[in-house]
Amino acid sequence: MKQVISRNIQDQVVNIPGSKSISHRMLICAALADGTSEIYNILDSEDISLTRKTLACMGAQIKTRQDGVLSVTGFGGRPKPWPDPIHLGNSGTSMRLLAGIAALGSTPYTLTGDERMRQRPMGELLDALGRIRISADSDNNEGTPPVLIQGGDRAGGHTLLDCSRSSQYLSALLMAGAFFDQGLVIDLTGPAVSQPYIDLTLDVMKQFGVNAFRISDTCYEVPGGQTYAAGTRSVEPDLSNAGYFWAAGAVTGADIGVDNIGTASLQGDLKQAYIFEKMGCSVNHDGRVLRVKGQALYGVDVDMSDTPDAVPAVAVTAAFAQGTTRITNIGHLRIKECDRIDAVCSQLTKMGIKAVQGPDFMEITGGTPHGAVIETFNDHRIAMAFAVTGLRVDGIQIENPGCVEKSFPTFWQLFDAL
Ligand SMILES: O=C(O)C1=C[C@@H](OP(=O)(O)O)[C@@H](O)[C@H](O)C1
Ligand SMILES: C=C(OP(=O)(O)O)C(=O)O
């Protein structure tokens with residue numbers, strides 16, 4: 001249990017570790033390359049180590065050098081056999097993206113996860129692989145892990161994919177598709193959720209010299225017969241995790257900056273700073289430091305389909321705003337580390353805040369929250385978001401604070417230093 005001490009915090013600038021999403025992609029693309037890549041500022045967290053270990057099982061040679069830089073010698077698109085089940089905890093990104101890489105092998109791989117991961121869907125991805133003659137089955141026929149992926153056929157061609165619950169399926173197909181003889185054309189059954197993560201995939205592939213194209217909102221193409229080029233790359237700070245520090249500025253009135261944020265970041269969660277601006281904060285980005293300073297806060301209406309990971313930070317901030325905040329198009333939050341719509345609403349209710357939920361939305365009416373013991377449901381984002389409320393409210397205690405290891409092992413150290 002972690003007791004958060006409510007306090008006045010000074011104006012300051014913080015440094016946030018590397019992006020989880022970019023780190024997964026850098027590791028995978030480096031493992032798919034021939035030759036050795038160097039990756040600067042890679043995130044060191046539970047989920048990244050799961051991706052790293054799996055790629056090592058598949059034949060990549062991965063070392064953290066003494067200066068902290070990661071050196072990855074790839075297996076050139078031909079993963080080695082690994083007969084034992086591969087455990088991916090509750091890392092959805094590892095599970096879905098690595099299922100695509102397993103499809104490049106010539107022997108079967110079994111991918112499994114913890115109890116929650118075994119409830120998280122991936123049937124849409126298995127179906128899309130099946131359409132290009134790659135046998136991909138869920139052990140329980142419910143489309144959830146454990147999954148058995150049996151590659152062998154690298155012809156590629158055309159497939160159909162439903163990305164209405166996760167964008168990670170498309171990222172998986174794009175990364176693997178570059179090795180197929182005919183490449184891959186992927187038609188989506190409708191628009192994808194979490195679109196910025198698809199853009200991140202295209203961008204990291206491009207950094208490794210591989211082209212893939214968004215033909216339209218619902219059609220993507222990756223030409224075949226490409227190779228990933230090893231090289232020196234670096235990972236930007238994690239802007240989902242920056243959000244808890246911007247939220248700290250928003251709820252306390254301090255001016256909190258996050259360092260090393262370029263103007264061209266493709267991370268969708270950059271948007272959360274501008275949601276805080278819409279709520280009344282002043283936001284300043286000088287091209288390097290992005291600062292959020294709290295002022296009087298007002299409720300807003302915001303569609304967060306693109307930025308699911310930022311919802312808990314925005315929702316807790318709404319508890320301190322005048323009026324109601326309505327967050328829409330977030331049905332996919334119900335299949336994350338926990339049911340995040342239910343978790344956010346139940347814990348805000350515990351704090352005396354009116355929080356109403358629907359299948360794909362939540363409505364939070366700001367008020368005067370009081371202290372509570374916060375259940376985190378083993379979800380790092382619930383722990384980090386509710387920690388922020390504790391800066392303003394006495395008596396906030398966070399259960400299972402260690403769950404932040406998933407994406408941000410140094411969170412408490414940085415948060416306590418605020
Ligand atoms: O591709 C990625 O790196 C991610 C995509 C998003 O998931 P969905 O596409 O399943 O919404 C996001 O929630 C997750 O934390 C990371
Ligand atoms: C949903 C998340 O991650 P993943 O899907 O990789 O488990 C997250 O980090 O909020």
# chains A, B, ... in the order shown; residues from 1 in each chain; ligands from 1
>>> closest_atom_pairs(of="chain A", to="ligand 2", cutoff="6 Å", atoms="only C-alpha atoms and all ligand atoms", output="JSON lines")
{"residue": "A:Asn90", "atom": "CA", "partner": "ligand 2", "partner_atom_place_in_ligand_line": "7 (O)", "distance": 5.6}
{"residue": "A:Ser91", "atom": "CA", "partner": "ligand 2", "partner_atom_place_in_ligand_line": "7 (O)", "distance": 3.8}
{"residue": "A:Gly92", "atom": "CA", "partner": "ligand 2", "partner_atom_place_in_ligand_line": "7 (O)", "distance": 3.6}
{"residue": "A:Thr93", "atom": "CA", "partner": "ligand 2", "partner_atom_place_in_ligand_line": "6 (O)", "distance": 3.7}
{"residue": "A:Asp309", "atom": "CA", "partner": "ligand 2", "partner_atom_place_in_ligand_line": "10 (O)", "distance": 4.8}
{"residue": "A:Lys336", "atom": "CA", "partner": "ligand 2", "partner_atom_place_in_ligand_line": "1 (C)", "distance": 4.8}
{"residue": "A:Glu337", "atom": "CA", "partner": "ligand 2", "partner_atom_place_in_ligand_line": "7 (O)", "distance": 5.9}
>>> select_by_dssp(residues="stretch 4-230 of chain A", states="strand (DSSP E)", output="PyMOL selection string")
chain A and resi 4+12-14+36-40+61-64+70-73+86-87+108-112+135-138+147-150+157-161+184-188+213-216+219-222
>>> residues_around(residues="stretch 367-381 of chain A", least_positions_apart="4", cutoff="7 Å", atoms="only C-alpha atoms", output="JSON, numbers by chain")
{"A": [312, 319, 320, 337, 338, 347, 350, 351, 352, 353, 385, 393, 394, 395, 396, 397, 398, 399, 400, 403, 404, 406]}
>>> select_by_dssp(residues="stretch 10-211 of chain A", states="alpha helix (DSSP H)", output="VMD selection string")
chain A and resid 20 to 32 46 to 57 92 to 102 123 to 130 168 to 177 195 to 207
>>> write_last_selection(atoms="C-alpha atoms", output="compact mmCIF listing (two decimals), in the first residue's frame")
# COMPACT_ATOMS: atom_id res chain seq x y z
CA LYS A 20 6.85 1.78 -24.12
CA SER A 21 5.20 1.60 -27.55
CA ILE A 22 8.29 2.84 -29.39
CA SER A 23 10.58 0.57 -27.34
CA HIS A 24 8.55 -2.55 -28.27
CA ARG A 25 8.68 -1.56 -31.95
CA MET A 26 12.40 -0.68 -31.94
CA LEU A 27 13.25 -4.02 -30.36
CA ILE A 28 11.12 -5.97 -32.83
CA CYS A 29 12.37 -4.12 -35.91
CA ALA A 30 15.99 -4.48 -34.73
CA ALA A 31 15.40 -8.22 -34.19
CA LEU A 32 13.94 -8.51 -37.70
CA GLU A 46 8.41 -5.41 -17.21
CA ASP A 47 6.64 -5.40 -20.59
CA ILE A 48 9.74 -4.45 -22.53
CA SER A 49 11.70 -7.23 -20.88
CA LEU A 50 8.99 -9.72 -21.98
CA THR A 51 9.36 -8.61 -25.60
CA ARG A 52 13.11 -8.69 -25.24
CA LYS A 53 13.18 -12.23 -23.80
CA THR A 54 10.86 -13.52 -26.51
CA LEU A 55 12.97 -12.05 -29.29
CA ALA A 56 16.02 -13.65 -27.65
CA CYS A 57 14.21 -17.04 -27.71
CA GLY A 92 -1.01 -6.85 -24.93
CA THR A 93 1.52 -5.13 -27.16
CA SER A 94 4.00 -7.99 -26.77
CA MET A 95 1.29 -10.60 -27.32
CA ARG A 96 -0.23 -9.13 -30.46
CA LEU A 97 2.93 -7.79 -32.14
CA LEU A 98 4.95 -10.94 -31.44
CA ALA A 99 2.14 -13.14 -32.78
CA GLY A 100 2.88 -11.47 -36.12
CA ILE A 101 6.58 -12.27 -35.79
CA ALA A 102 5.82 -15.88 -34.79
CA GLY A 123 -9.33 -13.53 -32.46
CA GLU A 124 -9.46 -10.79 -35.09
CA LEU A 125 -5.70 -11.13 -35.64
CA LEU A 126 -5.87 -14.94 -35.73
CA ASP A 127 -8.63 -14.74 -38.37
CA ALA A 128 -6.62 -12.28 -40.48
CA LEU A 129 -3.59 -14.62 -40.35
CA GLY A 130 -5.80 -17.57 -41.27
CA GLN A 168 -2.20 -3.82 -32.27
CA TYR A 169 -3.46 -6.44 -34.74
CA LEU A 170 -2.70 -4.17 -37.67
CA SER A 171 0.73 -3.25 -36.29
CA ALA A 172 1.54 -6.96 -36.12
CA LEU A 173 0.53 -7.63 -39.72
CA LEU A 174 2.37 -4.58 -41.06
CA MET A 175 5.66 -5.49 -39.39
CA ALA A 176 5.58 -9.10 -40.55
CA GLY A 177 4.06 -8.39 -43.98
CA GLN A 195 -4.93 5.16 -34.75
CA PRO A 196 -1.75 6.98 -33.56
CA TYR A 197 -0.20 3.62 -32.61
CA ILE A 198 -0.52 2.51 -36.24
CA ASP A 199 1.26 5.69 -37.30
CA LEU A 200 4.03 4.88 -34.78
CA THR A 201 4.41 1.43 -36.34
CA LEU A 202 4.73 2.88 -39.84
CA ASP A 203 7.24 5.42 -38.56
CA VAL A 204 9.51 2.94 -36.74
CA MET A 205 9.41 0.58 -39.75
CA LYS A 206 10.46 3.51 -41.93
CA GLN A 207 13.39 4.25 -39.60
>>> closest_residue(among="A:Gly224, A:Gly156, A:Gly366, A:Gly262", to="A:Gln322", atoms="only C-alpha atoms")
A:Gly366
>>> closest_residue(among="A:Lys63, A:His332, A:Lys80, A:Lys278", to="A:Met304", atoms="only C-alpha atoms")
A:His332
>>> closest_residue(among="A:Ser194, A:Gln413, A:Thr317, A:Thr365", to="ligand 1", atoms="only C-alpha atoms and all ligand atoms")
A:Ser194
>>> residues_around(residues="A:Asp360", least_positions_apart="6", cutoff="12 Å", atoms="only C-alpha atoms", output="list in words")
Arg165, Asp303, Met304, Ser305, Pro308, Arg326, Ile327, Thr328, Asn329, Ile330, Gly331, His332, Leu333, Arg334, Ile335, Asp339, Arg340, Ile341 and Asp342 of chain A
>>> closest_residue(among="A:Gly257, A:Ile5, A:Ala387, A:Thr307", to="ligand 1", atoms="only C-alpha atoms and all ligand atoms")
A:Thr307
